[in-house]
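This is work_16.txt (compact mmCIF, C-alpha atoms).
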# COMPACT_ATOMS: atom_id res chain seq x y z
CA MET A 1 67.93 -9.14 11.87
CA PRO A 2 67.18 -5.46 12.09
CA LYS A 3 64.80 -4.25 14.68
CA ILE A 4 61.25 -3.60 13.61
CA LYS A 5 60.67 0.07 13.85
CA ILE A 6 57.47 1.14 15.43
CA PRO A 7 56.44 4.47 13.96
CA LYS A 8 55.93 7.13 16.54
CA SER A 9 52.97 8.82 15.01
CA ALA A 10 49.62 7.13 14.50
CA PRO A 11 49.15 5.51 11.13
CA SER A 12 47.64 8.00 8.79
CA LEU A 13 44.62 7.14 6.76
CA ASP A 14 43.50 9.18 3.84
CA MET A 15 39.81 9.74 4.27
CA THR A 16 39.19 12.06 1.37
CA PRO A 17 37.77 9.44 -1.02
CA MET A 18 35.45 8.20 1.71
CA VAL A 19 34.14 11.68 2.36
CA ASP A 20 33.72 12.20 -1.37
CA LEU A 21 31.75 9.01 -1.66
CA ALA A 22 29.59 9.71 1.36
CA PHE A 23 28.70 13.18 0.18
CA LEU A 24 28.06 11.96 -3.31
CA LEU A 25 25.54 9.49 -1.94
CA VAL A 26 24.01 12.08 0.37
CA THR A 27 23.56 14.43 -2.56
CA PHE A 28 22.04 11.67 -4.64
CA PHE A 29 19.51 10.70 -2.00
CA MET A 30 18.65 14.30 -1.25
CA LEU A 31 18.00 15.09 -4.87
CA THR A 32 16.03 11.96 -5.64
CA ALA A 33 13.91 12.21 -2.49
CA LYS A 34 10.47 13.48 -3.27
CA PHE A 35 8.81 15.58 -0.67
CA ARG A 36 5.45 14.35 0.31
CA ASN A 37 2.57 16.70 -0.24
CA MET A 38 0.66 17.86 2.77
CA GLU A 39 -2.28 15.60 3.23
CA PRO A 40 -5.52 17.05 4.47
CA ILE A 41 -6.37 13.91 6.43
CA GLU A 42 -4.82 11.22 8.49
CA ALA A 43 -5.72 7.77 7.30
CA ASP A 44 -3.76 5.03 8.94
CA PRO A 45 -4.04 2.00 6.67
CA PRO A 46 -4.28 -1.55 8.05
CA SER A 47 -1.23 -3.78 7.98
CA SER A 48 -0.71 -6.82 5.81
CA THR A 49 2.13 -9.07 4.73
CA SER A 50 1.87 -7.93 1.13
CA LEU A 51 5.22 -6.91 -0.30
CA THR A 52 3.92 -5.41 -3.52
CA GLN A 53 4.79 -1.77 -3.82
CA LEU A 54 2.26 0.85 -4.63
CA PRO A 55 2.53 1.52 -8.38
CA GLU A 56 3.99 4.80 -9.61
CA LYS A 57 1.19 5.91 -11.87
CA VAL A 58 -1.74 5.74 -9.61
CA MET A 59 -5.11 7.24 -8.87
CA LEU A 60 -5.46 7.21 -5.12
CA ILE A 61 -8.71 7.51 -3.22
CA THR A 62 -8.26 8.03 0.49
CA ILE A 63 -11.10 7.24 2.86
CA ASP A 64 -11.10 8.31 6.49
CA THR A 65 -13.02 6.78 9.37
CA ALA A 66 -16.00 9.02 8.71
CA GLY A 67 -16.22 7.70 5.17
CA ARG A 68 -15.10 10.94 3.51
CA ALA A 69 -13.44 10.37 0.16
CA TYR A 70 -10.35 12.24 -1.03
CA PHE A 71 -8.91 12.19 -4.52
CA ASP A 72 -5.38 12.21 -5.81
CA ILE A 73 -3.74 11.34 -9.11
CA SER A 74 -0.05 11.28 -9.93
CA GLY A 75 1.60 13.36 -12.64
CA ARG A 76 1.49 17.13 -13.05
CA THR A 77 0.58 17.14 -16.70
CA VAL A 78 -2.15 14.62 -16.02
CA ARG A 79 -3.58 16.83 -13.31
CA GLU A 80 -3.55 19.86 -15.57
CA LYS A 81 -5.49 17.97 -18.21
CA LEU A 82 -7.82 16.57 -15.59
CA ILE A 83 -8.84 19.94 -14.20
CA SER A 84 -9.48 21.35 -17.69
CA ARG A 85 -11.65 18.35 -18.42
CA MET A 86 -13.53 18.79 -15.18
CA MET A 87 -14.17 22.44 -16.01
CA VAL A 88 -15.76 21.38 -19.28
CA ARG A 89 -17.98 18.99 -17.38
CA TYR A 90 -18.87 21.54 -14.72
CA PRO A 91 -19.16 24.81 -16.69
CA ALA A 92 -20.08 26.73 -13.54
CA VAL A 93 -16.59 26.17 -12.19
CA LYS A 94 -14.16 28.84 -13.28
CA MET A 95 -10.47 28.80 -12.56
CA THR A 96 -7.63 31.11 -13.40
CA GLN A 97 -4.46 29.87 -15.06
CA GLU A 98 -2.69 30.27 -11.74
CA GLN A 99 -5.24 28.13 -9.94
CA ILE A 100 -4.88 25.43 -12.56
CA GLU A 101 -1.15 25.58 -12.09
CA ASN A 102 -1.54 25.28 -8.33
CA PHE A 103 -3.97 22.42 -8.68
CA SER A 104 -1.43 20.48 -10.70
CA LYS A 105 1.08 20.83 -7.88
CA MET A 106 -1.35 19.98 -5.14
CA GLY A 107 -1.72 16.58 -3.53
CA THR A 108 -4.77 14.91 -2.11
CA PHE A 109 -7.91 17.00 -1.81
CA GLY A 110 -11.39 16.35 -0.51
CA GLN A 111 -13.53 19.25 -1.60
CA PRO A 112 -16.64 19.37 -3.74
CA ILE A 113 -15.74 20.96 -7.04
CA GLU A 114 -17.72 24.11 -6.25
CA LEU A 115 -15.31 24.94 -3.43
CA LEU A 116 -12.17 23.79 -5.17
CA ALA A 117 -11.11 27.18 -6.57
CA GLN A 118 -11.52 28.77 -3.18
CA TYR A 119 -9.57 25.93 -1.60
CA ILE A 120 -6.70 26.20 -4.05
CA SER A 121 -6.16 29.94 -3.64
CA GLY A 122 -6.79 29.90 0.10
CA ASP A 123 -3.92 30.18 2.56
CA GLU A 124 -3.22 27.59 5.23
CA ASP A 125 -5.99 28.82 7.54
CA VAL A 126 -8.62 28.81 4.82
CA LYS A 127 -7.53 25.33 3.76
CA ALA A 128 -7.67 24.04 7.31
CA ALA A 129 -11.14 25.49 7.82
CA LEU A 130 -12.40 24.02 4.55
CA ASP A 131 -10.89 20.64 5.38
CA GLN A 132 -12.54 20.75 8.75
CA ALA A 133 -15.96 21.43 7.27
CA SER A 134 -15.50 19.10 4.30
CA LYS A 135 -17.68 16.07 3.79
CA GLY A 136 -15.24 14.73 1.25
CA ILE A 137 -15.88 14.49 -2.45
CA PRO A 138 -19.60 13.86 -3.01
CA LEU A 139 -20.25 10.34 -4.27
CA ASP A 140 -23.97 9.74 -3.93
CA SER A 141 -25.93 8.93 -7.03
CA LEU A 142 -27.46 12.41 -7.37
CA ASN A 143 -24.16 14.23 -7.27
CA ASN A 144 -21.51 11.70 -8.12
CA GLN A 145 -18.49 13.96 -8.43
CA LEU A 146 -16.10 11.21 -7.42
CA GLY A 147 -17.28 9.16 -10.40
CA ASP A 148 -16.56 12.12 -12.67
CA TRP A 149 -13.11 12.62 -11.19
CA ILE A 150 -12.37 8.95 -11.76
CA GLN A 151 -13.61 8.95 -15.33
CA GLU A 152 -11.96 12.23 -16.32
CA GLY A 153 -8.82 11.18 -14.46
CA TYR A 154 -8.62 8.09 -16.61
CA TYR A 155 -9.12 10.06 -19.84
CA ALA A 156 -6.62 12.69 -18.77
CA PHE A 157 -4.10 9.96 -18.08
CA VAL A 158 -4.68 8.30 -21.44
CA ASP A 159 -4.40 11.67 -23.24
CA ASP A 160 -1.17 12.42 -21.46
CA ALA A 161 0.29 8.99 -22.12
CA THR A 162 -0.62 9.13 -25.81
CA GLU A 163 1.03 12.54 -26.05
CA GLN A 164 4.18 11.02 -24.63
CA GLY A 165 4.10 8.37 -27.31
CA MET A 166 2.85 5.40 -25.35
CA THR A 167 1.26 2.71 -27.47
CA LYS A 168 -1.98 0.95 -26.60
CA GLU A 169 -0.09 -2.18 -25.60
CA GLN A 170 2.12 -0.22 -23.25
CA LEU A 171 -0.92 1.41 -21.75
CA LYS A 172 -2.35 -1.98 -20.98
CA GLU A 173 0.87 -3.15 -19.39
CA GLU A 174 1.80 -0.08 -17.41
CA GLY A 175 -1.27 2.05 -17.46
CA LEU A 176 -3.07 3.80 -14.66
CA ARG A 177 -3.62 1.78 -11.49
CA TYR A 178 -6.23 2.44 -8.87
CA ALA A 179 -5.43 2.48 -5.21
CA ILE A 180 -7.63 2.82 -2.17
CA LYS A 181 -6.15 3.94 1.10
CA ALA A 182 -8.67 3.52 3.86
CA ASP A 183 -8.16 3.95 7.56
CA ALA A 184 -7.98 0.62 9.37
CA ASN A 185 -11.03 1.45 11.45
CA THR A 186 -13.26 2.52 8.59
CA GLU A 187 -16.47 0.56 8.32
CA TYR A 188 -16.25 -1.69 5.32
CA ALA A 189 -19.59 -0.48 3.95
CA LYS A 190 -18.02 2.97 3.49
CA VAL A 191 -15.14 1.52 1.54
CA GLU A 192 -17.58 -0.50 -0.51
CA LYS A 193 -19.40 2.68 -1.50
CA VAL A 194 -16.24 3.97 -3.14
CA ILE A 195 -15.59 0.59 -4.73
CA ASP A 196 -19.10 0.65 -6.15
CA VAL A 197 -18.36 4.00 -7.80
CA PHE A 198 -15.35 2.38 -9.44
CA ARG A 199 -17.35 -0.64 -10.50
CA GLU A 200 -19.87 1.58 -12.24
CA LYS A 201 -16.93 2.81 -14.31
CA GLN A 202 -15.93 -0.78 -15.13
CA ILE A 203 -12.88 -0.75 -12.90
CA PHE A 204 -12.51 -3.89 -10.85
CA GLN A 205 -8.88 -4.13 -9.84
CA PHE A 206 -7.58 -2.22 -6.85
CA ASN A 207 -4.47 -1.83 -4.82
CA MET A 208 -5.36 -1.54 -1.18
CA VAL A 209 -2.68 0.50 0.54
CA THR A 210 -1.36 -1.32 3.59
CA ASN A 211 1.46 -1.01 6.06
CA LEU A 212 3.94 -3.79 6.15
CA GLU A 213 3.51 -5.87 9.25
CA GLY A 214 6.22 -8.02 10.87
CA ALA A 215 7.99 -9.42 7.84
CA ASP A 216 8.42 -12.82 9.47
CA SER A 217 4.78 -13.85 9.27
CA ASN A 218 5.24 -14.93 5.67
CA ALA A 219 8.10 -17.22 6.56
CA ASP A 220 6.01 -18.65 9.38
CA ALA A 221 3.28 -19.57 6.97
CA SER A 222 5.53 -21.54 4.67
CA LEU A 223 6.98 -23.38 7.63
CA THR A 224 3.65 -24.52 8.90
CA ALA A 225 2.61 -25.42 5.41
CA GLU A 226 5.31 -28.00 5.06
CA MET B 1 46.47 15.01 2.17
CA ALA B 2 44.20 14.58 5.09
CA GLU B 3 45.40 12.48 7.91
CA ILE B 4 44.38 11.66 11.38
CA VAL B 5 46.12 14.13 13.55
CA GLU B 6 47.42 13.01 16.83
CA GLY B 7 45.94 14.71 19.83
CA GLY B 8 48.24 17.19 21.56
CA GLY B 9 49.92 18.38 18.45
CA GLY B 10 53.22 16.50 18.75
CA GLY B 11 55.53 18.29 21.14
CA GLY B 12 56.52 21.87 21.56
CA LYS B 13 58.05 22.42 18.18
CA HIS B 14 55.51 24.99 17.09
CA GLY B 15 57.23 26.10 14.02
CA LYS B 16 57.58 29.80 13.82
CA LYS B 17 59.60 30.04 10.75
CA LYS B 18 59.39 26.73 9.00
CA ALA B 19 56.51 26.42 6.66
CA LYS B 20 55.32 22.84 6.51
CA LYS B 21 56.29 20.89 3.50
CA GLY B 22 53.07 18.97 3.00
CA SER B 23 49.62 20.43 2.72
CA ALA B 24 47.68 21.34 5.84
CA ARG B 25 46.21 18.38 7.62
CA ILE B 26 42.56 18.53 8.40
CA ASP B 27 40.93 16.00 10.63
CA MET B 28 38.13 14.68 8.48
CA THR B 29 36.67 12.18 10.90
CA PRO B 30 33.78 14.40 12.12
CA MET B 31 32.94 15.24 8.54
CA VAL B 32 32.82 11.58 7.61
CA ASP B 33 30.62 10.95 10.63
CA LEU B 34 28.24 13.67 9.60
CA ALA B 35 28.14 12.56 5.99
CA PHE B 36 27.31 9.01 6.93
CA LEU B 37 24.72 10.12 9.43
CA LEU B 38 22.95 12.12 6.72
CA LEU B 39 23.35 9.24 4.32
CA THR B 40 21.77 6.80 6.75
CA PHE B 41 18.91 9.18 7.38
CA PHE B 42 18.10 9.66 3.71
CA VAL B 43 18.41 5.98 2.88
CA LEU B 44 16.07 4.99 5.69
CA ALA B 45 13.62 7.80 5.01
CA ALA B 46 13.49 6.90 1.34
CA THR B 47 12.95 3.18 1.79
CA LEU B 48 10.58 3.33 4.74
CA ALA B 49 8.26 5.85 3.14
CA LYS B 50 7.32 3.57 0.25
CA PRO B 51 3.82 2.33 0.93
CA LYS B 52 2.88 -1.23 0.21
CA ALA B 53 -0.29 -2.33 -1.47
CA MET B 54 -2.41 -5.44 -1.65
CA GLU B 55 -4.09 -6.20 -4.90
CA ILE B 56 -7.73 -7.15 -4.76
CA ILE B 57 -9.81 -7.93 -7.80
CA TYR B 58 -13.55 -7.52 -7.46
CA PRO B 59 -15.83 -9.51 -9.71
CA LYS B 60 -17.76 -7.91 -12.50
CA GLU B 61 -21.45 -7.65 -11.92
CA VAL B 62 -22.55 -11.16 -12.87
CA ASP B 63 -25.61 -13.18 -12.23
CA GLU B 64 -24.81 -14.46 -8.78
CA GLN B 65 -27.23 -17.35 -8.86
CA GLU B 66 -25.61 -18.81 -11.92
CA ASP B 67 -22.19 -18.33 -10.43
CA LYS B 68 -23.04 -20.15 -7.24
CA THR B 69 -24.24 -23.34 -8.90
CA LYS B 70 -20.80 -23.89 -10.36
CA LEU B 71 -19.15 -24.15 -6.97
CA ASP B 72 -19.22 -27.25 -4.87
CA ASP B 73 -20.56 -26.61 -1.37
CA ALA B 74 -18.27 -29.23 0.10
CA LEU B 75 -15.28 -27.06 -0.74
CA ALA B 76 -16.77 -23.92 0.72
CA THR B 77 -15.71 -22.19 3.89
CA THR B 78 -17.50 -19.04 4.89
CA LEU B 79 -15.86 -16.48 7.09
CA LEU B 80 -18.23 -14.16 8.88
CA LEU B 81 -16.86 -10.83 10.07
CA GLY B 82 -19.02 -9.15 12.65
CA GLU B 83 -19.21 -5.68 14.07
CA HIS B 84 -16.34 -5.92 16.52
CA GLU B 85 -12.80 -6.85 15.70
CA ASN B 86 -12.95 -10.14 17.57
CA GLU B 87 -16.26 -11.29 16.11
CA VAL B 88 -14.83 -13.66 13.56
CA PHE B 89 -16.71 -16.88 12.83
CA TYR B 90 -16.62 -19.52 10.17
CA TYR B 91 -18.67 -22.44 8.99
CA THR B 92 -18.14 -24.97 6.25
CA GLY B 93 -20.47 -26.04 3.49
CA ALA B 94 -23.77 -24.39 2.71
CA TYR B 95 -25.64 -22.44 5.33
CA LYS B 96 -28.56 -24.23 6.90
CA PRO B 97 -30.36 -21.98 9.38
CA ASP B 98 -31.04 -24.69 11.97
CA THR B 99 -28.04 -26.97 11.87
CA THR B 100 -25.06 -24.81 10.87
CA GLN B 101 -22.82 -24.10 13.83
CA LEU B 102 -20.70 -20.98 13.80
CA THR B 103 -17.22 -21.61 15.13
CA LEU B 104 -15.32 -18.76 16.72
CA THR B 105 -11.90 -18.07 15.30
CA ASP B 106 -9.55 -15.12 14.90
CA LEU B 107 -7.28 -13.62 12.29
CA SER B 108 -3.99 -14.23 14.07
CA LYS B 109 -1.55 -16.79 12.78
CA ASP B 110 -2.91 -19.49 15.09
CA GLY B 111 -6.51 -18.86 14.18
CA PHE B 112 -8.09 -19.03 10.79
CA ARG B 113 -4.73 -19.48 9.10
CA LYS B 114 -4.20 -22.89 10.71
CA ILE B 115 -7.63 -24.01 9.62
CA MET B 116 -7.16 -22.89 6.05
CA LEU B 117 -3.61 -24.22 5.75
CA ASP B 118 -5.02 -27.54 6.82
CA LYS B 119 -7.93 -27.47 4.41
CA ASN B 120 -5.79 -26.22 1.60
CA ALA B 121 -2.91 -28.60 2.36
CA ARG B 122 -2.91 -30.27 -1.04
CA VAL B 123 -2.74 -26.98 -2.91
CA ASN B 124 -0.05 -25.73 -0.53
CA ASP B 125 2.01 -28.86 -1.12
CA GLN B 126 1.87 -28.31 -4.83
CA VAL B 127 2.73 -24.65 -4.46
CA ASN B 128 5.72 -25.51 -2.30
CA GLN B 129 6.91 -28.02 -4.87
CA LEU B 130 6.62 -25.36 -7.53
CA LYS B 131 8.53 -22.90 -5.36
CA ALA B 132 11.29 -25.43 -4.84
CA LYS B 133 11.49 -25.99 -8.57
CA LEU B 134 11.68 -22.25 -9.14
CA GLU B 135 14.46 -21.92 -6.62
CA SER B 136 16.48 -24.74 -8.11
CA LYS B 137 16.02 -23.03 -11.50
CA GLU B 138 14.18 -26.02 -12.93
CA ILE B 139 11.47 -23.73 -14.19
CA ASP B 140 11.50 -20.03 -14.95
CA GLU B 141 9.35 -17.28 -13.50
CA LEU B 142 6.77 -17.38 -16.27
CA THR B 143 6.16 -21.10 -16.13
CA TYR B 144 5.96 -20.83 -12.38
CA GLU B 145 3.27 -18.21 -12.54
CA GLU B 146 1.27 -20.18 -15.06
CA ALA B 147 1.54 -23.35 -13.01
CA TYR B 148 0.74 -21.45 -9.82
CA LYS B 149 -2.44 -20.08 -11.33
CA GLN B 150 -3.46 -23.56 -12.40
CA VAL B 151 -2.79 -25.07 -9.00
CA VAL B 152 -4.60 -22.46 -6.95
CA GLY B 153 -7.43 -22.17 -9.44
CA ALA B 154 -8.01 -25.93 -9.69
CA LYS B 155 -11.61 -27.06 -9.76
CA ASP B 156 -11.28 -29.00 -6.51
CA ALA B 157 -9.37 -26.32 -4.62
CA PRO B 158 -11.18 -25.08 -1.51
CA PHE B 159 -12.68 -21.62 -1.68
CA VAL B 160 -13.58 -19.04 0.91
CA VAL B 161 -16.39 -16.53 1.03
CA ILE B 162 -15.80 -13.55 3.29
CA LYS B 163 -19.07 -12.11 4.46
CA THR B 164 -19.34 -8.69 5.98
CA ILE B 165 -21.95 -6.49 7.55
CA ASP B 166 -22.01 -2.71 7.18
CA GLU B 167 -20.13 -2.18 10.44
CA THR B 168 -17.30 -4.61 9.75
CA LYS B 169 -13.98 -2.88 10.14
CA PHE B 170 -11.88 -2.45 7.03
CA LYS B 171 -8.81 -3.83 8.76
CA ASN B 172 -10.59 -7.10 9.44
CA VAL B 173 -11.41 -7.50 5.77
CA ILE B 174 -7.80 -6.79 4.83
CA SER B 175 -6.47 -9.19 7.50
CA ALA B 176 -8.81 -11.88 6.23
CA MET B 177 -7.65 -11.35 2.65
CA ASP B 178 -4.09 -11.40 3.87
CA GLU B 179 -4.65 -14.75 5.61
CA LEU B 180 -6.06 -16.14 2.38
CA ASN B 181 -3.03 -14.86 0.46
CA ILE B 182 -0.75 -16.59 2.93
CA CYS B 183 -2.76 -19.82 2.65
CA ASN B 184 -2.74 -19.64 -1.15
CA VAL B 185 -6.51 -19.53 -1.29
CA ARG B 186 -7.08 -17.61 -4.50
CA LYS B 187 -10.69 -18.59 -4.97
CA ARG B 188 -12.46 -16.18 -2.73
CA ALA B 189 -15.12 -13.54 -2.69
CA ILE B 190 -16.31 -10.73 -0.47
CA GLN B 191 -20.05 -10.59 -0.02
CA ASP B 192 -22.66 -8.96 2.13
CA MET B 193 -23.91 -11.17 4.91
CA ALA B 194 -27.41 -12.55 4.59
CA GLU B 195 -29.86 -11.40 7.25
CA THR B 196 -30.11 -14.88 8.82
CA GLU B 197 -26.35 -15.12 9.10
CA ALA B 198 -26.07 -11.66 10.60
CA ILE B 199 -28.59 -12.62 13.27
CA ALA B 200 -26.71 -15.83 13.98
CA VAL B 201 -23.45 -13.91 14.35
CA ARG B 202 -25.05 -11.47 16.75
CA GLN B 203 -26.47 -14.32 18.80
CA ARG B 204 -23.20 -16.21 18.98
CA ALA B 205 -21.31 -13.05 19.89
CA ALA B 206 -23.77 -12.37 22.69
CA GLU B 207 -23.49 -15.98 23.92
CA LEU B 208 -19.72 -15.77 24.03
CA ASP B 209 -19.84 -12.26 25.44
CA LEU B 210 -17.48 -10.83 22.83
CA LYS B 211 -18.46 -7.20 23.04
CA LYS B 212 -15.56 -4.93 23.64
Before we go any further, please render this structure as structure tokens.
Amino acid sequence: MPKIKIPKSAPSLDMTPMVDLAFLLVTFFMLTAKFRNMEPIEADPPSSTSLTQLPEKVMLITIDTAGRAYFDISGRTVREKLISRMMVRYPAVKMTQEQIENFSKMGTFGQPIELLAQYISGDEDVKAALDQASKGIPLDSLNNQLGDWIQEGYYAFVDDATEQGMTKEQLKEEGLRYAIKADANTEYAKVEKVIDVFREKQIFQFNMVTNLEGADSNADASLTAE
Amino acid sequence: MAEIVEGGGGGGKHGKKKAKKGSARIDMTPMVDLAFLLLTFFVLAATLAKPKAMEIIYPKEVDEQEDKTKLDDALATTLLLGEHENEVFYYTGAYKPDTTQLTLTDLSKDGFRKIMLDKNARVNDQVNQLKAKLESKEIDELTYEEAYKQVVGAKDAPFVVIKTIDETKFKNVISAMDELNICNVRKRAIQDMAETEAIAVRQRAAELDLKK
């Protein structure tokens, strides 16, 4: 029997494919990652065991502990249509093409429509000052701007979807969803105020944004149930 | 091709004249490390950022009186959420100002959940049977959902009314709804507390010294 030769050098391992793969994945995740828009408020939602994910096409109302309401809707084209619709409804509000463009890129906002143009063109300092002074989007019965945003938001979404060739059936299945993200310590009456605005518009189904709490609690429940 | 290069560079034969036959070896280990670090970061950032949501359906404005007569008081449990986080009470049946006793509970897994799992045991049994059938592929997803709706919406299934006051914290309402989801109680409603109940809650809270 010949002797087994032990190679002197360390075994070589070709790592190139692994590097290729890793970088491919990195690139993929970097490109698909969406950057979150700056949010004017901190609202820390309560936790629940719900595993349902927040839908993609969503109108999101954020409520902070003071009960201020903030509005957001997904989709740039939808937002463009929405702001044009709102300008028809509020003829006193004038916006330049650039401001409309910027609005469509913006995230959550909580300004009365009269201040919106100023807010959009303002720099960071102006925005911060306006956010500080803001009472949220007005939603009392005399000046129910939130209701108008909701209604026009819905129409803008339907317009946009029809333009993209969605049928009525598809709209029913995967249409606009409504989400409410309220801070855990908000008084429920303040959340209810927003819900009442929705109910006036014949919208009754909501997704309450929650954090996922310890995932084991669900398993616990089924154990005790047996 | 890249290979792991031995530390030290393999003896003093630093070739002056001889060009190496193979291609230059580059140690790729740090690069792989970096790539996977970035990869891990992006994967985690992408999956953790997705917010979750709990679906709640509010009733249409209907004539409440008419609605109430349809429900059997014996199946009713009312959960009262007070001003502070720990002011959680419940009573069963209809509210009678003099005789109804408010029992203190909480929204942890040993609190209200135990009570409701117990009350809703029959429905839970049926749901578990359905789940088992779904897992063993006896029935498909659609049939399961239909059957589930029937089981939890049965006429004799217990129902829960969550009553709030203006100051009730939103997180308590969500925790309560979450408990009901866990207990498969689908017949539920959120209502404003009646004045008499609110007074009773305040009294009980004062008795038990719950203020935080």
Any idea which chain A residues end up within 7 Å of chain B if we count all atoms listed in the file, as a JSON list (two decimals) with C-alpha atoms, in the frame of the given file please?
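Output contents, as saved in part.json:
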[["chain", "number", "residue", "atom", "x", "y", "z"],
["A", 10, "ALA", "CA", 49.62, 7.13, 14.50],
["A", 12, "SER", "CA", 47.64, 8.00, 8.79],
["A", 13, "LEU", "CA", 44.62, 7.14, 6.76],
["A", 14, "ASP", "CA", 43.50, 9.18, 3.84],
["A", 15, "MET", "CA", 39.81, 9.74, 4.27],
["A", 16, "THR", "CA", 39.19, 12.06, 1.37],
["A", 19, "VAL", "CA", 34.14, 11.68, 2.36],
["A", 22, "ALA", "CA", 29.59, 9.71, 1.36],
["A", 23, "PHE", "CA", 28.70, 13.18, 0.18],
["A", 25, "LEU", "CA", 25.54, 9.49, -1.94],
["A", 26, "VAL", "CA", 24.01, 12.08, 0.37],
["A", 29, "PHE", "CA", 19.51, 10.70, -2.00],
["A", 30, "MET", "CA", 18.65, 14.30, -1.25],
["A", 33, "ALA", "CA", 13.91, 12.21, -2.49],
["A", 46, "PRO", "CA", -4.28, -1.55, 8.05],
["A", 48, "SER", "CA", -0.71, -6.82, 5.81],
["A", 49, "THR", "CA", 2.13, -9.07, 4.73],
["A", 50, "SER", "CA", 1.87, -7.93, 1.13],
["A", 51, "LEU", "CA", 5.22, -6.91, -0.30],
["A", 52, "THR", "CA", 3.92, -5.41, -3.52],
["A", 53, "GLN", "CA", 4.79, -1.77, -3.82],
["A", 54, "LEU", "CA", 2.26, 0.85, -4.63],
["A", 184, "ALA", "CA", -7.98, 0.62, 9.37],
["A", 185, "ASN", "CA", -11.03, 1.45, 11.45],
["A", 186, "THR", "CA", -13.26, 2.52, 8.59],
["A", 187, "GLU", "CA", -16.47, 0.56, 8.32],
["A", 188, "TYR", "CA", -16.25, -1.69, 5.32],
["A", 189, "ALA", "CA", -19.59, -0.48, 3.95],
["A", 204, "PHE", "CA", -12.51, -3.89, -10.85],
["A", 205, "GLN", "CA", -8.88, -4.13, -9.84],
["A", 206, "PHE", "CA", -7.58, -2.22, -6.85],
["A", 207, "ASN", "CA", -4.47, -1.83, -4.82],
["A", 208, "MET", "CA", -5.36, -1.54, -1.18],
["A", 209, "VAL", "CA", -2.68, 0.50, 0.54],
["A", 210, "THR", "CA", -1.36, -1.32, 3.59],
["A", 211, "ASN", "CA", 1.46, -1.01, 6.06],
["A", 212, "LEU", "CA", 3.94, -3.79, 6.15],
["A", 218, "ASN", "CA", 5.24, -14.93, 5.67],
["A", 221, "ALA", "CA", 3.28, -19.57, 6.97],
["A", 225, "ALA", "CA", 2.61, -25.42, 5.41]]
I'd like the contact shell of stretch 162-174 of chain A - 12 Å cut-off, all atoms listed in the file, skipping same-chain residues fewer than 5 positions apart - returned as a list of chain:residue names.
A:Pro55, A:Glu56, A:Lys57, A:Val58, A:Thr77, A:Val78, A:Lys81, A:Tyr154, A:Tyr155, A:Ala156, A:Phe157
Expressed in Å to a single decimal, how great is the separation between atom CA of B:Lys163 and atom CA of B:Arg188?
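Atom-to-atom, atom CA of B:Lys163 to atom CA of B:Arg188, that is 10.6 Å.
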A straight line from atom CA of A:Met18 to atom CA of B:Leu44 spans 20.0 Å
By how many Å are atom CA of B:Met193 and atom CA of B:Gln150 apart?
29.5 Å
Counting all atoms listed in the file, closest pick from B:Ala154, B:Leu79, B:Ala132, B:Ile139 relative to B:Ala189 is B:Leu79
Using all atoms listed in the file, which of A:Ile4, A:Leu146, A:Ala182, A:Leu176 sits nearest A:Phe71?
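Ranked by minimum distance to A:Phe71, first place goes to A:Leu146.
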Would you please work out which residue, of B:Thr143, B:Asn184, B:Gln129, B:Gln203, is nearest to B:Leu102 when using only C-alpha atoms?
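Of B:Thr143, B:Asn184, B:Gln129, B:Gln203, the one nearest B:Leu102, counting only C-alpha atoms, is B:Gln203.
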With only C-alpha atoms counted, which protein, DNA or RNA residues have an atom no more than 10 Å from (-5.5, 20.6, -4.2) in the file frame? Please answer as a count of residues only.
24
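Among the candidates A:Leu115, A:Ala69, A:Ile6, A:Ile137, the one nearest to A:Val93 when counting only C-alpha atoms is A:Leu115.
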Give me, as a ChimeraX atom specification, all polymer residues having an atom no more than 9 Å from B:Glu197, counting only C-alpha atoms and skipping those fewer than 5 positions away in the same chain.
/B:80,95,97,202
Pull C-alpha atoms from the residues just selected and write them as a PDB file, keeping the file's coordinate frame.
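File written: part-v9.pdb
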ATOM      1  CA  LEU B  80     -18.230 -14.160   8.880  1.00  0.00           C
ATOM      2  CA  TYR B  95     -25.640 -22.440   5.330  1.00  0.00           C
ATOM      3  CA  PRO B  97     -30.360 -21.980   9.380  1.00  0.00           C
ATOM      4  CA  ARG B 202     -25.050 -11.470  16.750  1.00  0.00           C
TER       5      ARG B 202
END
Nearest candidate to B:Ile190 (options B:Phe159, B:Leu142, B:Leu208, B:Met116; using all atoms listed in the file)
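For B:Ile190, the nearest of the candidates is B:Phe159.
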Who sits within 10 Å of A:Glu42, all atoms listed in the file, same chain under 5 positions skipped, as a list in words
Thr62, Ile63, Asp64, Thr65, Ala182 and Asp183 of chain A
